[in-house]
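Okay, so here's the structure we're looking at.
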Amino acid sequence: LGIAVSLARSMKAELEAAGYTVELQYASNEIATQVSQIETMISDGCELLVIASIDGDSLGTVLAQAKEAGVQVIAYDRLIMNSDAVSYYATFDNYKVGVTQGQYIVDALDLDNADGPFNMEITAGDPGDNNAPFFYNGAMDTLQPYIDAGKIVIPSGQVDFATVGTPKWSTETAQSRMENILSSNYADGTKLDICLCSNDSTSLGVQNALAANYTGDYPIVTGQDCDIANVKNMIAGKQSMSVFKDTRTLASQVVKMVGQILSGEEVEVNDTTTYDNGTGVIPSFLCDPVFADANNYKELLIDSGYYTDADLQ
């Protein structure tokens with residue numbers, strides 16, 4: 001079994017405990033390195049590849065080699081695009097990630113009862129990541145009724161995904177863009193109520209911009225991934241919530257799928273309509289995300305063993 005994937009070592013341990021020989025490779029965010037690693041795994045005779053692609057559009061050629069060699073492929077977390085070699089996709093429910101962020105905002109501001117208007121700015125993810133539009137759409141579909149009702153307004157006017165996307169999920173790019181938004185729309189004391197950020201790296205950039213350029217009441221700031229720096233900021237009141245995608249849950253599901261594939265059993269999936277990679281819909285298993293905030297992070301992140309107290313000091 002070959003794995004070219006940046007994922008928790010827990011998956012490797014679970015697979016080995018199930019009796020598989022596992023090669024785990026990290027590509028250090030270098031596409032050429034990942035391609036080379038996959039080529040080597042195929043030539044070494046692996047039976048199955050689990051791939052967390054660095055770029056969803058960059059593996060077509062090497063995966064054609066996998067298909068020719070009869071190697072099945074599970075795309076892990078990020079869908080691999082434009083390749084008919086992808087057999088299955090395992091991820092979290094990416095649309096629900098956005099819904100969770102949007103619903104948190106609805107509940108925190110009591111939007112069903114409050115008059116508003118509340119000012120919101122949007123920082124979405126990498127346009128090159130197939131997951132990013134799902135995050136954006138889930139949040140925006142949840143919030144759109146309140147935008148239509150005038151309870152939420154976007155003073156910058158920057159709303160569509162192409163405008164609010166953040167290439168490579170860059171903290172620095174998100175910070176620079178938010179600094180420009182703040183200087184253009186909030187320097188006169190206008191209150192900013194909501195920063196809808198698709199993930200933690202973009203959220204961190206927004207928080208940096210707020211710290212340097214905003215003196216009003218602190219807004220609701222969303223995120224995703226529960227990165228250590230962001231959880232610390234959540235505890236400190238600089239970030240309101242972060243969607244928690246427990247990679248152990250996803251790893252366990254992938255281990256189950258690996259066993260089913262290699263033993264010729266029916267592979268458990270729960271979505272056969274959503275994820276079209278350009279060659280057809282890829283049968284998928286979507287795990288459920290939850291959110292962490294200052295009230296429940298200890299239970300979700302520490303008591304569960306995901307982090308230790310020392311990690312968050």
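Ligands are numbered from 1 in the order shown, chains are lettered A, B, ... in the order of the structure tokens, and residues start at 1 in each chain.
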Problem - Gly205 in chain A surroundings by only C-alpha atoms, 7 Å radius, close-in-sequence under 5 positions cut, as a list of chain:residue names - result: A:Thr171, A:Glu172, A:Ala174, A:Gln175
Exercise for the section: For range 85-96 of chain A, please output as a ChimeraX atom specification all residues within 8 Å (counting only C-alpha atoms; exclusion window: fewer than 6 positions along the same chain). Expected result: /A:63-64,66-67,72-79,131,134-139,245,250,253-254,282-289
Produce a file of the selected residues containing N, CA, C and O atoms, as a short mmCIF file (atom, residue, chain, number, x, y, z; two decimals), in the first residue's frame.
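Generated file (part.cif):
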```cif
data_model
loop_
_atom_site.label_atom_id
_atom_site.label_comp_id
_atom_site.auth_asym_id
_atom_site.auth_seq_id
_atom_site.Cartn_x
_atom_site.Cartn_y
_atom_site.Cartn_z
N LEU A 63 -1.27 9.85 -12.49
CA LEU A 63 -2.37 8.94 -12.15
C LEU A 63 -2.81 8.11 -13.35
O LEU A 63 -3.38 7.03 -13.17
N ALA A 64 -2.53 8.59 -14.55
CA ALA A 64 -2.76 7.74 -15.72
C ALA A 64 -1.87 6.51 -15.64
O ALA A 64 -2.27 5.40 -16.03
N ALA A 66 -0.92 5.17 -12.81
CA ALA A 66 -1.53 4.33 -11.77
C ALA A 66 -2.67 3.50 -12.36
O ALA A 66 -2.77 2.29 -12.09
N LYS A 67 -3.50 4.13 -13.16
CA LYS A 67 -4.63 3.39 -13.76
C LYS A 67 -4.13 2.28 -14.66
O LYS A 67 -4.64 1.15 -14.63
N GLN A 72 -5.62 1.35 -7.61
CA GLN A 72 -6.77 2.18 -7.28
C GLN A 72 -6.32 3.37 -6.44
O GLN A 72 -5.29 3.33 -5.76
N VAL A 73 -7.13 4.44 -6.50
CA VAL A 73 -6.75 5.71 -5.87
C VAL A 73 -7.90 6.23 -5.01
O VAL A 73 -9.04 6.33 -5.48
N ILE A 74 -7.57 6.56 -3.76
CA ILE A 74 -8.48 7.30 -2.90
C ILE A 74 -7.94 8.72 -2.78
O ILE A 74 -6.81 8.93 -2.35
N ALA A 75 -8.73 9.71 -3.19
CA ALA A 75 -8.38 11.11 -2.96
C ALA A 75 -8.75 11.45 -1.52
O ALA A 75 -9.88 11.23 -1.10
N TYR A 76 -7.79 11.99 -0.79
CA TYR A 76 -7.96 12.27 0.64
C TYR A 76 -8.06 13.77 0.85
O TYR A 76 -7.16 14.52 0.49
N ASP A 77 -9.17 14.21 1.39
CA ASP A 77 -9.44 15.60 1.78
C ASP A 77 -9.66 16.51 0.57
O ASP A 77 -10.69 17.13 0.44
N ARG A 78 -8.70 16.61 -0.33
CA ARG A 78 -8.86 17.46 -1.52
C ARG A 78 -9.10 16.57 -2.73
O ARG A 78 -8.34 15.65 -3.00
N LEU A 79 -10.15 16.87 -3.47
CA LEU A 79 -10.48 16.08 -4.64
C LEU A 79 -9.43 16.29 -5.73
O LEU A 79 -9.03 17.42 -6.01
N ASN A 131 -12.27 22.35 -2.74
CA ASN A 131 -13.08 22.45 -1.52
C ASN A 131 -13.54 23.87 -1.25
O ASN A 131 -14.59 24.08 -0.63
N PHE A 134 -17.09 25.09 -1.95
CA PHE A 134 -18.08 24.43 -1.09
C PHE A 134 -18.17 25.15 0.25
O PHE A 134 -19.27 25.38 0.78
N PHE A 135 -17.00 25.49 0.84
CA PHE A 135 -17.01 26.24 2.10
C PHE A 135 -17.77 27.56 1.92
O PHE A 135 -18.63 27.91 2.73
N TYR A 136 -17.41 28.28 0.87
CA TYR A 136 -18.01 29.59 0.59
C TYR A 136 -19.51 29.47 0.38
O TYR A 136 -20.31 30.21 0.97
N ASN A 137 -19.92 28.53 -0.46
CA ASN A 137 -21.34 28.40 -0.79
C ASN A 137 -22.17 27.97 0.42
O ASN A 137 -23.30 28.43 0.59
N GLY A 138 -21.61 27.08 1.24
CA GLY A 138 -22.35 26.66 2.43
C GLY A 138 -22.63 27.83 3.35
O GLY A 138 -23.75 27.98 3.88
N ALA A 139 -21.62 28.67 3.56
CA ALA A 139 -21.79 29.84 4.43
C ALA A 139 -22.72 30.86 3.79
O ALA A 139 -23.64 31.39 4.45
N LYS A 245 -12.40 19.57 12.16
CA LYS A 245 -12.48 18.36 11.34
C LYS A 245 -11.46 17.37 11.93
O LYS A 245 -10.27 17.48 11.66
N LEU A 250 -11.56 10.89 9.95
CA LEU A 250 -11.37 10.68 8.52
C LEU A 250 -10.37 9.56 8.26
O LEU A 250 -10.58 8.73 7.37
N GLN A 253 -12.03 6.22 8.68
CA GLN A 253 -12.90 5.91 7.55
C GLN A 253 -12.08 5.45 6.34
O GLN A 253 -12.47 4.51 5.64
N VAL A 254 -10.94 6.10 6.10
CA VAL A 254 -10.09 5.69 4.99
C VAL A 254 -9.54 4.29 5.20
O VAL A 254 -9.49 3.48 4.27
N ILE A 282 -17.34 11.27 -8.42
CA ILE A 282 -16.51 10.32 -7.66
C ILE A 282 -17.27 9.87 -6.41
O ILE A 282 -17.69 10.72 -5.61
N PRO A 283 -17.49 8.57 -6.24
CA PRO A 283 -18.16 8.09 -5.03
C PRO A 283 -17.38 8.54 -3.79
O PRO A 283 -16.16 8.38 -3.72
N SER A 284 -18.09 9.13 -2.84
CA SER A 284 -17.41 9.82 -1.73
C SER A 284 -17.97 9.39 -0.38
O SER A 284 -19.15 9.01 -0.26
N PHE A 285 -17.13 9.51 0.63
CA PHE A 285 -17.59 9.42 2.01
C PHE A 285 -17.30 10.75 2.67
O PHE A 285 -16.16 11.21 2.70
N LEU A 286 -18.36 11.38 3.20
CA LEU A 286 -18.25 12.70 3.81
C LEU A 286 -18.44 12.57 5.33
O LEU A 286 -19.49 12.13 5.79
N CYS A 287 -17.42 12.95 6.08
CA CYS A 287 -17.51 12.96 7.54
C CYS A 287 -18.10 14.29 8.00
O CYS A 287 -17.94 15.32 7.34
N ASP A 288 -18.75 14.28 9.15
CA ASP A 288 -19.40 15.49 9.66
C ASP A 288 -18.42 16.36 10.44
O ASP A 288 -17.74 15.87 11.34
N PRO A 289 -18.39 17.67 10.14
CA PRO A 289 -17.59 18.60 10.95
C PRO A 289 -18.42 19.13 12.11
O PRO A 289 -19.66 19.08 12.10
#
```
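For range 229-243 of chain A, the list of residues within 9 Å, based on only C-alpha atoms and with local chain neighbours fewer than 5 positions off taken out, reads A:Val97, A:Gly98, A:Thr100, A:Gln101, A:Tyr104, A:Asn199, A:Asp200, A:Ser201, A:Ser203, A:Leu204, A:Gln207, A:Tyr218, A:Pro219, A:Ile220, A:Val221, A:Thr222, A:Gly223, A:Gln224, A:Pro289, A:Val290, A:Phe291, A:Ala292, A:Asp293, A:Ala294, A:Asn295, A:Tyr297, A:Leu312, A:Gln313.
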Practice task
Could you give me the residues within range 139-205 of chain A that DSSP places in alpha helix (DSSP H), as an NGL selection string?
Solution key: :A and (139-148 or 161-164 or 171-185 or 200-205)
Practice task
Mind the document's chain letters and residue numbers, and return as a PyMOL selection string the residues of range 138-207 of chain A that DSSP labels strand (DSSP E or B).
Solution key: chain A and resi 152-153+194-197
Exercise for the section: Between A:Asp148, A:Glu121, A:Asp225, A:Asp246, single out the one closest to Ile194 in chain A, counting only C-alpha atoms. Expected result: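 Between A:Asp148, A:Glu121, A:Asp225, A:Asp246, the residue approaching Ile194 in chain A most closely is A:Glu121.
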Problem - Nearby residues (only C-alpha atoms) at most 12 Å from Ser304 in chain A, same-chain spacing under 5 positions excluded, as a list in words - result: Asp246, Arg248, Thr249, Asn296, Tyr297, Lys298, Glu299 and Asp309 of chain A
Exercise for the section: Go through A:Ala310, A:Ala124, A:Val269, A:Val106 one by one, measure the shortest atom-to-atom distance of each to Pro167 in chain A using only C-alpha atoms, and give the residue with the smallest value. Expected result: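 The shortest atom-to-atom distance to Pro167 in chain A comes from A:Ala124.
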Problem - Residue among A:Gly189, A:Pro145, A:Gly102, A:Pro133 lying closest to Ala162 in chain A, counting only C-alpha atoms - result: A:Pro133
Problem - Atomic separation - CA of Ala212 in chain A relative to CA of Asp188 in chain A, Å - result: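 Pair CA of Asp188 in chain A / CA of Ala212 in chain A returns 15.3 Å.
Across the model, the gap from CA of Asp141 in chain A to CA of Asp126 in chain A is 18.9 Å.
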Practice task
Using only C-alpha atoms, pick whichever of A:Asn29, A:Ser53, A:Asn113, A:Thr190 has the shortest atom-to-atom distance to Tyr146 in chain A.
Solution key: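 Closest to Tyr146 in chain A, using only C-alpha atoms: A:Asn113.
The nearest approach to Gln34 in chain A among the residues A:Val22, A:Leu301, A:Val62, A:Met11, with only C-alpha atoms taken into account, belongs to A:Val62.
Taking only C-alpha atoms into account, Met178 in chain A lies nearest to A:Ser156 out of the set A:Thr273, A:Ser10, A:Gln25, A:Ser156.
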